[in-house]
>>> print(open('start36.pdb').read())   # PDB, C-alpha atoms
ATOM      1  CA  MET Y  23      -7.734 -24.027  11.140
ATOM      2  CA  ASP Y  24      -9.095 -22.411  14.292
ATOM      3  CA  PHE Y  25      -8.960 -18.632  13.978
ATOM      4  CA  CYS Y  26     -10.441 -17.775  17.355
ATOM      5  CA  LYS Y  27     -11.222 -20.331  20.052
ATOM      6  CA  SER Y  28     -13.156 -17.845  22.183
ATOM      7  CA  LYS Y  29     -15.891 -17.408  19.495
ATOM      8  CA  PRO Y  30     -16.412 -13.650  20.011
ATOM      9  CA  LEU Y  31     -19.234 -13.527  17.464
ATOM     10  CA  ALA Y  32     -21.422 -16.060  19.251
ATOM     11  CA  GLY Y  33     -24.998 -14.776  19.142
ATOM     12  CA  ILE Y  34     -24.427 -12.738  15.966
ATOM     13  CA  LYS Y  35     -26.457 -13.676  12.893
ATOM     14  CA  VAL Y  36     -24.912 -13.076   9.483
ATOM     15  CA  VAL Y  37     -26.744 -13.497   6.179
ATOM     16  CA  GLY Y  38     -24.707 -13.624   2.990
ATOM     17  CA  LEU Y  39     -25.637 -13.291  -0.675
ATOM     18  CA  VAL Y  40     -22.207 -14.220  -2.006
ATOM     19  CA  MET Y  41     -20.495 -16.413  -4.564
ATOM     20  CA  TYR Y  42     -17.105 -17.543  -5.837
ATOM     21  CA  LEU Y  43     -14.183 -16.521  -3.595
ATOM     22  CA  PRO Y  44     -14.106 -13.218  -1.647
ATOM     23  CA  GLY Y  45     -17.621 -13.239  -0.179
ATOM     24  CA  PRO Y  46     -17.508 -16.889   0.899
ATOM     25  CA  VAL Y  47     -14.085 -16.293   2.505
ATOM     26  CA  VAL Y  48     -15.657 -13.540   4.615
ATOM     27  CA  LEU Y  49     -18.539 -15.768   5.745
ATOM     28  CA  TRP Y  50     -16.124 -18.619   6.480
ATOM     29  CA  ARG Y  51     -14.018 -16.432   8.758
ATOM     30  CA  LEU Y  52     -17.040 -14.985  10.558
ATOM     31  CA  ALA Y  53     -18.410 -18.490  11.102
ATOM     32  CA  LYS Y  54     -15.047 -19.504  12.570
ATOM     33  CA  MET Y  55     -15.453 -16.635  15.019
ATOM     34  CA  GLY Y  56     -18.733 -18.090  16.216
ATOM     35  CA  ALA Y  57     -21.323 -16.229  14.133
ATOM     36  CA  GLN Y  58     -24.473 -17.970  12.979
ATOM     37  CA  VAL Y  59     -24.069 -17.750   9.208
ATOM     38  CA  ILE Y  60     -26.761 -18.323   6.611
ATOM     39  CA  ARG Y  61     -25.533 -18.277   3.042
ATOM     40  CA  ILE Y  62     -28.207 -17.679   0.425
ATOM     41  CA  GLU Y  63     -27.450 -18.830  -3.107
ATOM     42  CA  SER Y  64     -29.453 -18.768  -6.307
ATOM     43  CA  GLU Y  65     -31.226 -21.949  -7.325
ATOM     44  CA  SER Y  66     -28.365 -22.801  -9.699
ATOM     45  CA  GLY Y  67     -25.866 -22.688  -6.830
ATOM     46  CA  ASP Y  68     -22.349 -21.250  -6.736
ATOM     47  CA  GLY Y  69     -20.045 -21.773  -9.711
ATOM     48  CA  LEU Y  70     -17.171 -22.412  -7.300
ATOM     49  CA  GLU Y  71     -18.839 -25.657  -6.261
ATOM     50  CA  ARG Y  72     -18.668 -26.872  -9.859
ATOM     51  CA  PHE Y  73     -15.090 -25.737 -10.501
ATOM     52  CA  LEU Y  74     -13.474 -26.526  -7.131
ATOM     53  CA  PRO Y  75     -15.841 -28.523  -4.903
ATOM     54  CA  GLU Y  76     -13.178 -29.059  -2.213
ATOM     55  CA  LEU Y  77     -12.622 -25.304  -1.835
ATOM     56  CA  TYR Y  78     -16.368 -24.687  -1.855
ATOM     57  CA  ASP Y  79     -16.826 -27.242   0.924
ATOM     58  CA  THR Y  80     -14.074 -25.650   3.004
ATOM     59  CA  LEU Y  81     -15.540 -22.161   2.630
ATOM     60  CA  SER Y  82     -19.005 -23.479   3.557
ATOM     61  CA  GLU Y  83     -17.963 -25.003   6.890
ATOM     62  CA  GLY Y  84     -20.195 -24.132   9.831
ATOM     63  CA  GLN Y  85     -22.822 -22.429   7.692
ATOM     64  CA  LYS Y  86     -26.379 -23.084   6.602
ATOM     65  CA  ILE Y  87     -26.676 -23.049   2.806
ATOM     66  CA  VAL Y  88     -30.051 -22.022   1.381
ATOM     67  CA  ARG Y  89     -30.833 -22.038  -2.340
ATOM     68  CA  LEU Y  90     -33.845 -20.145  -3.615
ATOM     69  CA  ASP Y  91     -35.215 -17.832  -6.273
ATOM     70  CA  LEU Y  92     -33.820 -14.442  -5.256
ATOM     71  CA  ARG Y  93     -36.510 -12.699  -7.293
ATOM     72  CA  GLN Y  94     -39.100 -13.836  -4.754
ATOM     73  CA  LYS Y  95     -38.739 -11.539  -1.736
ATOM     74  CA  GLU Y  96     -41.032 -13.647   0.403
ATOM     75  CA  LYS Y  97     -38.435 -16.427   0.281
ATOM     76  CA  TRP Y  98     -35.362 -14.509   1.449
ATOM     77  CA  GLU Y  99     -36.854 -11.761   3.604
ATOM     78  CA  PRO Y 100     -37.613 -14.077   6.580
ATOM     79  CA  PHE Y 101     -33.865 -14.732   6.991
ATOM     80  CA  LEU Y 102     -33.201 -11.016   7.495
ATOM     81  CA  LYS Y 103     -35.780 -10.258  10.192
ATOM     82  CA  ASP Y 104     -33.449 -11.064  13.108
ATOM     83  CA  ALA Y 105     -30.099 -10.800  11.299
ATOM     84  CA  ASP Y 106     -27.351  -8.451  12.483
ATOM     85  CA  ILE Y 107     -25.649  -7.948   9.136
ATOM     86  CA  LEU Y 108     -26.259  -8.695   5.462
ATOM     87  CA  ILE Y 109     -23.178  -9.218   3.280
ATOM     88  CA  SER Y 110     -23.584  -9.140  -0.492
ATOM     89  CA  SER Y 111     -21.186  -9.597  -3.389
ATOM     90  CA  LEU Y 112     -23.739  -8.969  -6.143
ATOM     91  CA  ARG Y 113     -23.320  -5.974  -8.410
ATOM     92  CA  PRO Y 114     -25.350  -2.908  -7.370
ATOM     93  CA  ARG Y 115     -27.571  -3.066 -10.467
ATOM     94  CA  SER Y 116     -28.497  -6.660  -9.600
ATOM     95  CA  LEU Y 117     -29.234  -5.685  -6.004
ATOM     96  CA  GLU Y 118     -31.477  -2.902  -7.228
ATOM     97  CA  LYS Y 119     -33.493  -5.306  -9.397
ATOM     98  CA  LEU Y 120     -33.928  -7.646  -6.419
ATOM     99  CA  GLY Y 121     -34.858  -4.881  -3.986
ATOM    100  CA  LEU Y 122     -31.706  -5.507  -1.953
ATOM    101  CA  THR Y 123     -30.055  -2.092  -1.981
ATOM    102  CA  SER Y 124     -28.825  -0.600   1.276
ATOM    103  CA  ASP Y 125     -31.636   1.992   1.205
ATOM    104  CA  ALA Y 126     -34.261  -0.707   0.764
ATOM    105  CA  MET Y 127     -32.748  -2.721   3.612
ATOM    106  CA  LYS Y 128     -32.723   0.308   5.936
ATOM    107  CA  GLU Y 129     -36.394   0.907   5.281
ATOM    108  CA  ARG Y 130     -37.502  -2.664   5.937
ATOM    109  CA  PHE Y 131     -34.871  -3.712   8.485
ATOM    110  CA  PRO Y 132     -33.684  -0.629  10.415
ATOM    111  CA  ASN Y 133     -31.512  -2.684  12.803
ATOM    112  CA  LEU Y 134     -29.659  -4.482  10.020
ATOM    113  CA  SER Y 135     -26.115  -3.502   9.037
ATOM    114  CA  TYR Y 136     -25.224  -3.863   5.374
ATOM    115  CA  LEU Y 137     -21.902  -4.655   3.683
ATOM    116  CA  SER Y 138     -21.541  -4.651  -0.095
ATOM    117  CA  ILE Y 139     -18.535  -6.195  -1.852
ATOM    118  CA  VAL Y 140     -17.982  -4.890  -5.385
ATOM    119  CA  GLY Y 141     -15.274  -5.398  -7.980
ATOM    120  CA  PHE Y 142     -14.566  -1.769  -8.772
ATOM    121  CA  GLY Y 143     -15.513   1.181  -6.612
ATOM    122  CA  GLY Y 144     -17.064   4.558  -7.346
ATOM    123  CA  LYS Y 145     -18.542   5.157 -10.790
ATOM    124  CA  ASP Y 146     -17.304   1.732 -11.965
ATOM    125  CA  GLU Y 147     -19.167  -0.249  -9.299
ATOM    126  CA  ASN Y 148     -21.259  -2.010 -11.969
ATOM    127  CA  TRP Y 149     -18.311  -2.846 -14.234
ATOM    128  CA  SER Y 150     -17.943  -6.604 -14.526
ATOM    129  CA  GLY Y 151     -14.646  -8.175 -13.593
ATOM    130  CA  HIS Y 152     -12.694 -10.947 -11.920
ATOM    131  CA  ASP Y 153      -9.499 -11.114  -9.890
ATOM    132  CA  LEU Y 154      -7.339 -10.925 -13.038
ATOM    133  CA  THR Y 155      -8.871  -7.660 -14.242
ATOM    134  CA  TYR Y 156      -8.816  -6.141 -10.752
ATOM    135  CA  GLN Y 157      -5.108  -6.907 -10.463
ATOM    136  CA  ALA Y 158      -4.450  -5.660 -13.989
ATOM    137  CA  SER Y 159      -6.166  -2.352 -13.208
ATOM    138  CA  LYS Y 160      -3.875  -1.809 -10.208
ATOM    139  CA  GLY Y 161      -0.521  -2.698 -11.741
ATOM    140  CA  PHE Y 162      -0.194  -6.188 -10.261
ATOM    141  CA  VAL Y 163       0.103  -8.070 -13.575
ATOM    142  CA  SER Y 164       3.386  -8.503 -15.466
ATOM    143  CA  PRO Y 165       2.525  -9.805 -18.967
ATOM    144  CA  PRO Y 166       2.702 -12.433 -20.228
ATOM    145  CA  GLN Y 167       2.630 -14.096 -16.789
ATOM    146  CA  LEU Y 168      -0.667 -14.511 -15.015
ATOM    147  CA  PRO Y 169      -0.888 -13.631 -11.298
ATOM    148  CA  PHE Y 170       0.537 -16.197  -8.907
ATOM    149  CA  ASN Y 171      -2.459 -15.925  -6.579
ATOM    150  CA  CYS Y 172      -5.906 -14.300  -6.284
ATOM    151  CA  TRP Y 173      -4.447 -11.326  -4.445
ATOM    152  CA  SER Y 174      -7.341  -8.975  -5.169
ATOM    153  CA  ASP Y 175     -10.009 -11.409  -4.023
ATOM    154  CA  MET Y 176      -8.119 -12.204  -0.829
ATOM    155  CA  ALA Y 177      -7.159  -8.581  -0.108
ATOM    156  CA  GLY Y 178     -10.793  -7.593  -0.600
ATOM    157  CA  ALA Y 179     -11.958 -10.421   1.647
ATOM    158  CA  GLN Y 180      -9.623  -9.285   4.436
ATOM    159  CA  GLU Y 181     -10.879  -5.712   4.127
ATOM    160  CA  ALA Y 182     -14.474  -6.940   4.103
ATOM    161  CA  ILE Y 183     -13.875  -8.948   7.292
ATOM    162  CA  ILE Y 184     -12.557  -5.808   8.993
ATOM    163  CA  GLN Y 185     -15.536  -3.766   7.802
ATOM    164  CA  ALA Y 186     -17.981  -6.499   8.870
ATOM    165  CA  LEU Y 187     -16.520  -6.573  12.385
ATOM    166  CA  LEU Y 188     -16.742  -2.770  12.615
ATOM    167  CA  LEU Y 189     -20.361  -2.808  11.450
ATOM    168  CA  ILE Y 190     -21.240  -5.533  13.937
ATOM    169  CA  HIS Y 191     -19.589  -3.541  16.726
ATOM    170  CA  CYS Y 192     -21.508  -0.393  15.781
ATOM    171  CA  ALA Y 193     -24.797  -2.303  15.557
ATOM    172  CA  GLN Y 194     -24.255  -3.725  19.029
ATOM    173  CA  ASN Y 195     -23.993  -0.122  20.229
ATOM    174  CA  GLY Y 196     -27.284   0.800  18.585
ATOM    175  CA  LYS Y 197     -25.787   2.270  15.420
ATOM    176  CA  PRO Y 198     -26.218  -0.134  12.473
ATOM    177  CA  GLY Y 199     -24.510   1.128   9.340
ATOM    178  CA  THR Y 200     -23.502   0.408   5.778
ATOM    179  CA  ALA Y 201     -20.162  -0.021   4.019
ATOM    180  CA  GLN Y 202     -18.825  -0.925   0.602
ATOM    181  CA  VAL Y 203     -15.572  -2.766  -0.138
ATOM    182  CA  SER Y 204     -13.962  -2.653  -3.580
ATOM    183  CA  LEU Y 205     -11.837  -5.674  -4.460
ATOM    184  CA  SER Y 206      -9.632  -3.654  -6.808
ATOM    185  CA  ASP Y 207      -9.167  -0.761  -4.376
ATOM    186  CA  SER Y 208      -8.230  -3.207  -1.618
ATOM    187  CA  LEU Y 209      -5.013  -3.822  -3.545
ATOM    188  CA  ASP Y 210      -3.895  -0.249  -2.883
ATOM    189  CA  PHE Y 211      -3.023  -1.225   0.676
ATOM    190  CA  PHE Y 212      -0.991  -4.201  -0.532
ATOM    191  CA  ALA Y 213       0.780  -1.930  -3.037
ATOM    192  CA  LEU Y 214       2.259   0.418  -0.418
ATOM    193  CA  PRO Y 215       5.708  -1.272  -0.457
ATOM    194  CA  MET Y 216       5.802  -0.932  -4.265
ATOM    195  CA  ASP Y 217       4.480   2.626  -4.304
ATOM    196  CA  TYR Y 218       7.164   3.792  -1.883
ATOM    197  CA  GLY Y 219      10.026   1.974  -3.605
ATOM    198  CA  LEU Y 220      10.681  -0.810  -1.139
ATOM    199  CA  VAL Y 221      10.233  -3.565  -3.733
ATOM    200  CA  GLY Y 222      10.101  -3.761  -7.502
ATOM    201  CA  SER Y 223      12.769  -3.617 -10.181
ATOM    202  CA  GLN Y 224      14.023  -0.244  -8.928
ATOM    203  CA  GLY Y 225      13.175  -0.748  -5.259
ATOM    204  CA  ILE Y 226      15.474  -0.816  -2.259
ATOM    205  CA  LEU Y 227      15.073  -4.594  -2.140
ATOM    206  CA  ALA Y 228      15.810  -4.993  -5.841
ATOM    207  CA  SER Y 229      16.881  -8.337  -7.202
ATOM    208  CA  ASP Y 230      20.578  -7.362  -7.427
ATOM    209  CA  ILE Y 231      21.157  -7.425  -3.649
ATOM    210  CA  PRO Y 232      23.205 -10.598  -3.025
ATOM    211  CA  VAL Y 233      22.223 -10.891   0.648
ATOM    212  CA  TYR Y 234      18.487 -10.634  -0.155
ATOM    213  CA  GLN Y 235      18.109 -13.202  -2.858
ATOM    214  CA  VAL Y 236      17.206 -16.764  -3.837
ATOM    215  CA  TYR Y 237      19.904 -19.259  -4.817
ATOM    216  CA  GLU Y 238      19.905 -22.748  -6.243
ATOM    217  CA  ALA Y 239      21.080 -25.348  -3.763
ATOM    218  CA  LYS Y 240      22.414 -28.846  -4.327
ATOM    219  CA  GLU Y 241      18.768 -29.869  -4.229
ATOM    220  CA  GLY Y 242      16.072 -27.221  -4.399
ATOM    221  CA  TRP Y 243      16.356 -23.493  -3.756
ATOM    222  CA  VAL Y 244      17.039 -21.337  -0.706
ATOM    223  CA  ALA Y 245      16.127 -17.760   0.186
ATOM    224  CA  ILE Y 246      18.541 -15.581   2.123
ATOM    225  CA  ALA Y 247      17.560 -12.293   3.795
ATOM    226  CA  THR Y 248      20.606 -11.208   5.793
ATOM    227  CA  LEU Y 249      20.034  -7.483   5.355
ATOM    228  CA  GLU Y 250      21.351  -6.424   8.757
ATOM    229  CA  PRO Y 251      25.162  -6.162   9.212
ATOM    230  CA  HIS Y 252      25.136  -8.385  12.306
ATOM    231  CA  PHE Y 253      23.423 -11.158  10.325
ATOM    232  CA  GLN Y 254      25.979 -10.798   7.531
ATOM    233  CA  GLU Y 255      28.912 -11.010   9.935
ATOM    234  CA  LYS Y 256      27.411 -14.030  11.652
ATOM    235  CA  PHE Y 257      26.696 -15.722   8.322
ATOM    236  CA  LYS Y 258      30.284 -15.247   7.142
ATOM    237  CA  GLU Y 259      31.584 -16.644  10.425
ATOM    238  CA  LYS Y 260      29.359 -19.708  10.481
ATOM    239  CA  ALA Y 261      29.626 -20.420   6.745
ATOM    240  CA  ASP Y 262      33.381 -19.720   6.761
ATOM    241  CA  VAL Y 263      33.340 -17.285   3.836
ATOM    242  CA  SER Y 264      35.217 -13.979   3.521
ATOM    243  CA  ASP Y 265      32.522 -12.062   1.642
ATOM    244  CA  MET Y 266      28.880 -12.268   0.604
ATOM    245  CA  THR Y 267      29.053 -11.420  -3.056
ATOM    246  CA  SER Y 268      26.692 -13.057  -5.507
ATOM    247  CA  ASP Y 269      29.411 -15.348  -6.886
ATOM    248  CA  THR Y 270      30.450 -16.491  -3.398
ATOM    249  CA  LEU Y 271      26.903 -17.264  -2.324
ATOM    250  CA  LYS Y 272      26.020 -19.026  -5.579
ATOM    251  CA  GLU Y 273      28.947 -21.407  -5.117
ATOM    252  CA  LEU Y 274      28.346 -21.835  -1.392
ATOM    253  CA  PHE Y 275      24.697 -22.851  -1.596
ATOM    254  CA  THR Y 276      25.379 -25.596  -4.156
ATOM    255  CA  LYS Y 277      27.319 -27.517  -1.479
ATOM    256  CA  LYS Y 278      24.190 -28.555   0.485
ATOM    257  CA  SER Y 279      20.540 -29.249  -0.147
ATOM    258  CA  ALA Y 280      17.887 -26.663   0.652
ATOM    259  CA  ASP Y 281      16.740 -28.754   3.617
ATOM    260  CA  GLU Y 282      20.286 -28.912   4.986
ATOM    261  CA  TRP Y 283      20.742 -25.159   4.620
ATOM    262  CA  GLU Y 284      17.497 -24.454   6.441
ATOM    263  CA  ASN Y 285      18.451 -26.735   9.334
ATOM    264  CA  TRP Y 286      21.858 -25.064   9.454
ATOM    265  CA  ALA Y 287      20.236 -21.603   9.504
ATOM    266  CA  LYS Y 288      17.875 -22.543  12.334
ATOM    267  CA  ALA Y 289      20.774 -23.862  14.383
ATOM    268  CA  HIS Y 290      22.597 -20.526  13.984
ATOM    269  CA  ASP Y 291      19.529 -18.250  14.078
ATOM    270  CA  LEU Y 292      20.044 -16.899  10.568
ATOM    271  CA  PRO Y 293      17.337 -15.757   8.087
ATOM    272  CA  VAL Y 294      17.785 -18.460   5.475
ATOM    273  CA  ALA Y 295      14.908 -20.733   4.435
ATOM    274  CA  LYS Y 296      14.077 -23.398   1.923
ATOM    275  CA  VAL Y 297      11.906 -22.211  -0.964
ATOM    276  CA  ARG Y 298       8.750 -24.310  -0.886
ATOM    277  CA  THR Y 299       5.748 -24.609  -3.147
ATOM    278  CA  ARG Y 300       2.228 -24.632  -1.716
ATOM    279  CA  PRO Y 301       1.617 -28.354  -2.472
ATOM    280  CA  GLU Y 302       4.596 -29.152  -0.221
ATOM    281  CA  LEU Y 303       2.847 -27.400   2.667
ATOM    282  CA  LYS Y 304      -0.414 -29.360   2.547
TER     283      LYS Y 304
END
>>> encode(input="start36.pdb", output="structure tokens")
Amino acid sequence: MDFCKSKPLAGIKVVGLVMYLPGPVVLWRLAKMGAQVIRIESESGDGLERFLPELYDTLSEGQKIVRLDLRQKEKWEPFLKDADILISSLRPRSLEKLGLTSDAMKERFPNLSYLSIVGFGGKDENWSGHDLTYQASKGFVSPPQLPFNCWSDMAGAQEAIIQALLLIHCAQNGKPGTAQVSLSDSLDFFALPMDYGLVGSQGILASDIPVYQVYEAKEGWVAIATLEPHFQEKFKEKADVSDMTSDTLKELFTKKSADEWENWAKAHDLPVAKVRTRPELK
């Protein structure tokens, strides 16, 4: 996956004290943009490597991995002397014990920008958590089902990438700065469609709209999103149906497989697609 062939961050040095998912995702993306990335881990390594070594390897591409005793400043300080930005995903109380707070960094490395990734923001910045609890705190969990994806970790990573690029830009203009990204608060942006009633059980795109729905096909499932009147008229014409009620569409889609319906939709430029699972896309 090549995010940016021009490598706009060539010549930028990034040092990361990160683990598990969000922090490593940020370093991975910055490395793809051409940054020189040094990832510092504790001597015991990153738990992600033990749980999912393939994911760990992917998120470590193009980076130098250094493992050391973080309590010994003389071991990690040399990596920061010519760095442009330090990115950390340790809790603030841990950073304070290690002498790695933003204030301490400003004093010793005045040209270094600093980005801190925390689970919860504000007064709860030292509260322990993981993606599940971040999502739960923001209304993204529907018990008893667990979340379908690590939305908080990935939303936070995206926000951290944006903040890192802004900090790098400011540093290049002689104004290094600091920023903090909260993984839980990053979900607020993703929640805008829910907050304003676009989606959800009572939303405009509620599950009882026949033309914005998923239906079982002869084989597999299909998604239809013919919200606009011109798409509905075209669908009725091409599918030779008089209406687009739920009963009509349920019966119609059972006549072909999901693959056949998708090919048919592409041929007629209609918003109908096969419902896939992620393993199918690898």
>>> atom_distance(input="start36.pdb", atom1="atom CA of Val233 of chain Y", atom2="atom CA of Val294 of chain Y")
10.0 Å
>>> resolve_selection(input="start36.pdb", expression="the PyMOL selection byres ((chain Y and resi 173-178) around 10)", output="ChimeraX atom specification")
/Y:42-45,47-48,139-141,152-158,160,162,169-172,179-184,203-212
>>> resolve_selection(input="start36.pdb", expression="the PyMOL selection byres ((chain Y and resi 253) around 12)", output="list in words")
Val233, Tyr234, Ile246, Ala247, Thr248, Leu249, Glu250, Pro251, His252, Gln254, Glu255, Lys256, Phe257, Lys258, Glu259, Lys260, Ala261, Met266, Ala287, His290, Asp291, Leu292, Pro293 and Val294 of chain Y
>>> atom_distance(input="start36.pdb", atom1="atom CA of Arg61 of chain Y", atom2="atom CA of Pro301 of chain Y")
29.5 Å
>>> closest_residue(input="start36.pdb", among="Y:Gly84, Y:Asp265, Y:Met41, Y:Arg51", to="Asp68 of chain Y", atoms="all atoms listed in the file")
Y:Met41
>>> resolve_selection(input="start36.pdb", expression="the PyMOL selection byres ((chain Y and resi 60) around 8)", output="PyMOL selection string")
chain Y and resi 35-38+58-59+61-62+85-88+101
>>> write_last_selection(input="start36.pdb", atoms="C-alpha atoms", output="PDB file, keeping the file's coordinate frame")
ATOM      1  CA  LYS Y  35     -26.457 -13.676  12.893  1.00  0.00           C
ATOM      2  CA  VAL Y  36     -24.912 -13.076   9.483  1.00  0.00           C
ATOM      3  CA  VAL Y  37     -26.744 -13.497   6.179  1.00  0.00           C
ATOM      4  CA  GLY Y  38     -24.707 -13.624   2.990  1.00  0.00           C
ATOM      5  CA  GLN Y  58     -24.473 -17.970  12.979  1.00  0.00           C
ATOM      6  CA  VAL Y  59     -24.069 -17.750   9.208  1.00  0.00           C
ATOM      7  CA  ARG Y  61     -25.533 -18.277   3.042  1.00  0.00           C
ATOM      8  CA  ILE Y  62     -28.207 -17.679   0.425  1.00  0.00           C
ATOM      9  CA  GLN Y  85     -22.822 -22.429   7.692  1.00  0.00           C
ATOM     10  CA  LYS Y  86     -26.379 -23.084   6.602  1.00  0.00           C
ATOM     11  CA  ILE Y  87     -26.676 -23.049   2.806  1.00  0.00           C
ATOM     12  CA  VAL Y  88     -30.051 -22.022   1.381  1.00  0.00           C
ATOM     13  CA  PHE Y 101     -33.865 -14.732   6.991  1.00  0.00           C
TER      14      PHE Y 101
END
>>> residues_around(input="start36.pdb", residues="Asp106 of chain Y", least_positions_apart="6", cutoff="12 Å", atoms="all atoms listed in the file", output="PyMOL selection string")
chain Y and resi 31-38+57-60+127+131-137+186-187+189-200
>>> atom_distance(input="start36.pdb", atom1="atom CA of Ser28 of chain Y", atom2="atom CA of Gly56 of chain Y")
8.2 Å
>>> residues_around(input="start36.pdb", residues="Thr123 of chain Y", least_positions_apart="6", cutoff="10 Å", atoms="all atoms listed in the file", output="CSV table (one decimal) with C-alpha atoms, keeping the file's coordinate frame")
chain,number,residue,atom,x,y,z
Y,110,SER,CA,-23.6,-9.1,-0.5
Y,114,PRO,CA,-25.4,-2.9,-7.4
Y,115,ARG,CA,-27.6,-3.1,-10.5
Y,116,SER,CA,-28.5,-6.7,-9.6
Y,117,LEU,CA,-29.2,-5.7,-6.0
Y,136,TYR,CA,-25.2,-3.9,5.4
Y,138,SER,CA,-21.5,-4.7,-0.1
>>> closest_residue(input="start36.pdb", among="Y:Ser150, Y:Ser223, Y:Asp79, Y:Leu112", to="Ser164 of chain Y", atoms="all atoms listed in the file")
Y:Ser223
>>> closest_residue(input="start36.pdb", among="Y:Trp243, Y:Trp98, Y:Trp50, Y:Phe73", to="Ser279 of chain Y", atoms="only C-alpha atoms")
Y:Trp243
>>> closest_residue(input="start36.pdb", among="Y:Ala295, Y:Ala53, Y:Val163, Y:Ala126", to="Ala280 of chain Y", atoms="all atoms listed in the file")
Y:Ala295
>>> closest_residue(input="start36.pdb", among="Y:Leu77, Y:Leu70, Y:Leu92, Y:Leu39", to="Ile109 of chain Y", atoms="all atoms listed in the file")
Y:Leu39
>>> axis_aligned_box(input="start36.pdb", around="segment 129-145 of chain Y", padding_each_side="6 Å", output="JSON")
{"center_x": -26.0, "center_y": -0.5, "center_z": 1.0, "size_x": 34.9, "size_y": 23.4, "size_z": 35.6}
>>> residues_near_point(input="start36.pdb", point="(-22.9, -0.1, -10.8)", cutoff="7 Å", atoms="only C-alpha atoms", output="number ranges by chain")
Y: 113-115, 145-149
>>> closest_residue(input="start36.pdb", among="Y:Lys54, Y:Lys277, Y:Lys128, Y:Arg298", to="Leu108 of chain Y", atoms="all atoms listed in the file")
Y:Lys128
>>> decode(input="start36.pdb", residues="segment 126-139 of chain Y", atoms="N, CA and C atoms", output="mmCIF file, in the first residue's frame")
data_model
loop_
_atom_site.group_PDB
_atom_site.id
_atom_site.type_symbol
_atom_site.label_atom_id
_atom_site.label_comp_id
_atom_site.auth_asym_id
_atom_site.auth_seq_id
_atom_site.Cartn_x
_atom_site.Cartn_y
_atom_site.Cartn_z
ATOM 1 N N ALA Y 126 9.568 18.732 29.947
ATOM 2 C CA ALA Y 126 10.947 18.250 30.038
ATOM 3 C C ALA Y 126 11.594 18.214 28.659
ATOM 4 N N MET Y 127 10.823 17.836 27.644
ATOM 5 C CA MET Y 127 11.358 17.785 26.287
ATOM 6 C C MET Y 127 11.690 19.192 25.772
ATOM 7 N N LYS Y 128 10.807 20.162 26.086
ATOM 8 C CA LYS Y 128 11.062 21.536 25.642
ATOM 9 C C LYS Y 128 12.360 22.075 26.219
ATOM 10 N N GLU Y 129 12.601 21.736 27.470
ATOM 11 C CA GLU Y 129 13.794 22.237 28.154
ATOM 12 C C GLU Y 129 15.061 21.659 27.551
ATOM 13 N N ARG Y 130 15.044 20.362 27.268
ATOM 14 C CA ARG Y 130 16.264 19.710 26.769
ATOM 15 C C ARG Y 130 16.397 19.760 25.251
ATOM 16 N N PHE Y 131 15.233 19.763 24.563
ATOM 17 C CA PHE Y 131 15.256 19.749 23.095
ATOM 18 C C PHE Y 131 14.297 20.821 22.573
ATOM 19 N N PRO Y 132 14.703 22.073 22.582
ATOM 20 C CA PRO Y 132 13.798 23.177 22.223
ATOM 21 C C PRO Y 132 13.276 23.140 20.796
ATOM 22 N N ASN Y 133 13.932 22.413 19.903
ATOM 23 C CA ASN Y 133 13.492 22.347 18.500
ATOM 24 C C ASN Y 133 12.637 21.121 18.211
ATOM 25 N N LEU Y 134 12.307 20.383 19.250
ATOM 26 C CA LEU Y 134 11.561 19.132 19.086
ATOM 27 C C LEU Y 134 10.064 19.359 19.303
ATOM 28 N N SER Y 135 9.250 18.941 18.340
ATOM 29 C CA SER Y 135 7.798 18.948 18.539
ATOM 30 C C SER Y 135 7.398 17.674 19.278
ATOM 31 N N TYR Y 136 6.251 17.731 19.948
ATOM 32 C CA TYR Y 136 5.875 16.637 20.842
ATOM 33 C C TYR Y 136 4.388 16.327 20.681
ATOM 34 N N LEU Y 137 4.078 15.068 20.405
ATOM 35 C CA LEU Y 137 2.693 14.622 20.262
ATOM 36 C C LEU Y 137 2.421 13.483 21.230
ATOM 37 N N SER Y 138 1.424 13.659 22.069
ATOM 38 C CA SER Y 138 1.057 12.638 23.053
ATOM 39 C C SER Y 138 -0.294 12.039 22.698
ATOM 40 N N ILE Y 139 -0.348 10.712 22.637
ATOM 41 C CA ILE Y 139 -1.605 9.997 22.381
ATOM 42 C C ILE Y 139 -2.066 9.368 23.692
#
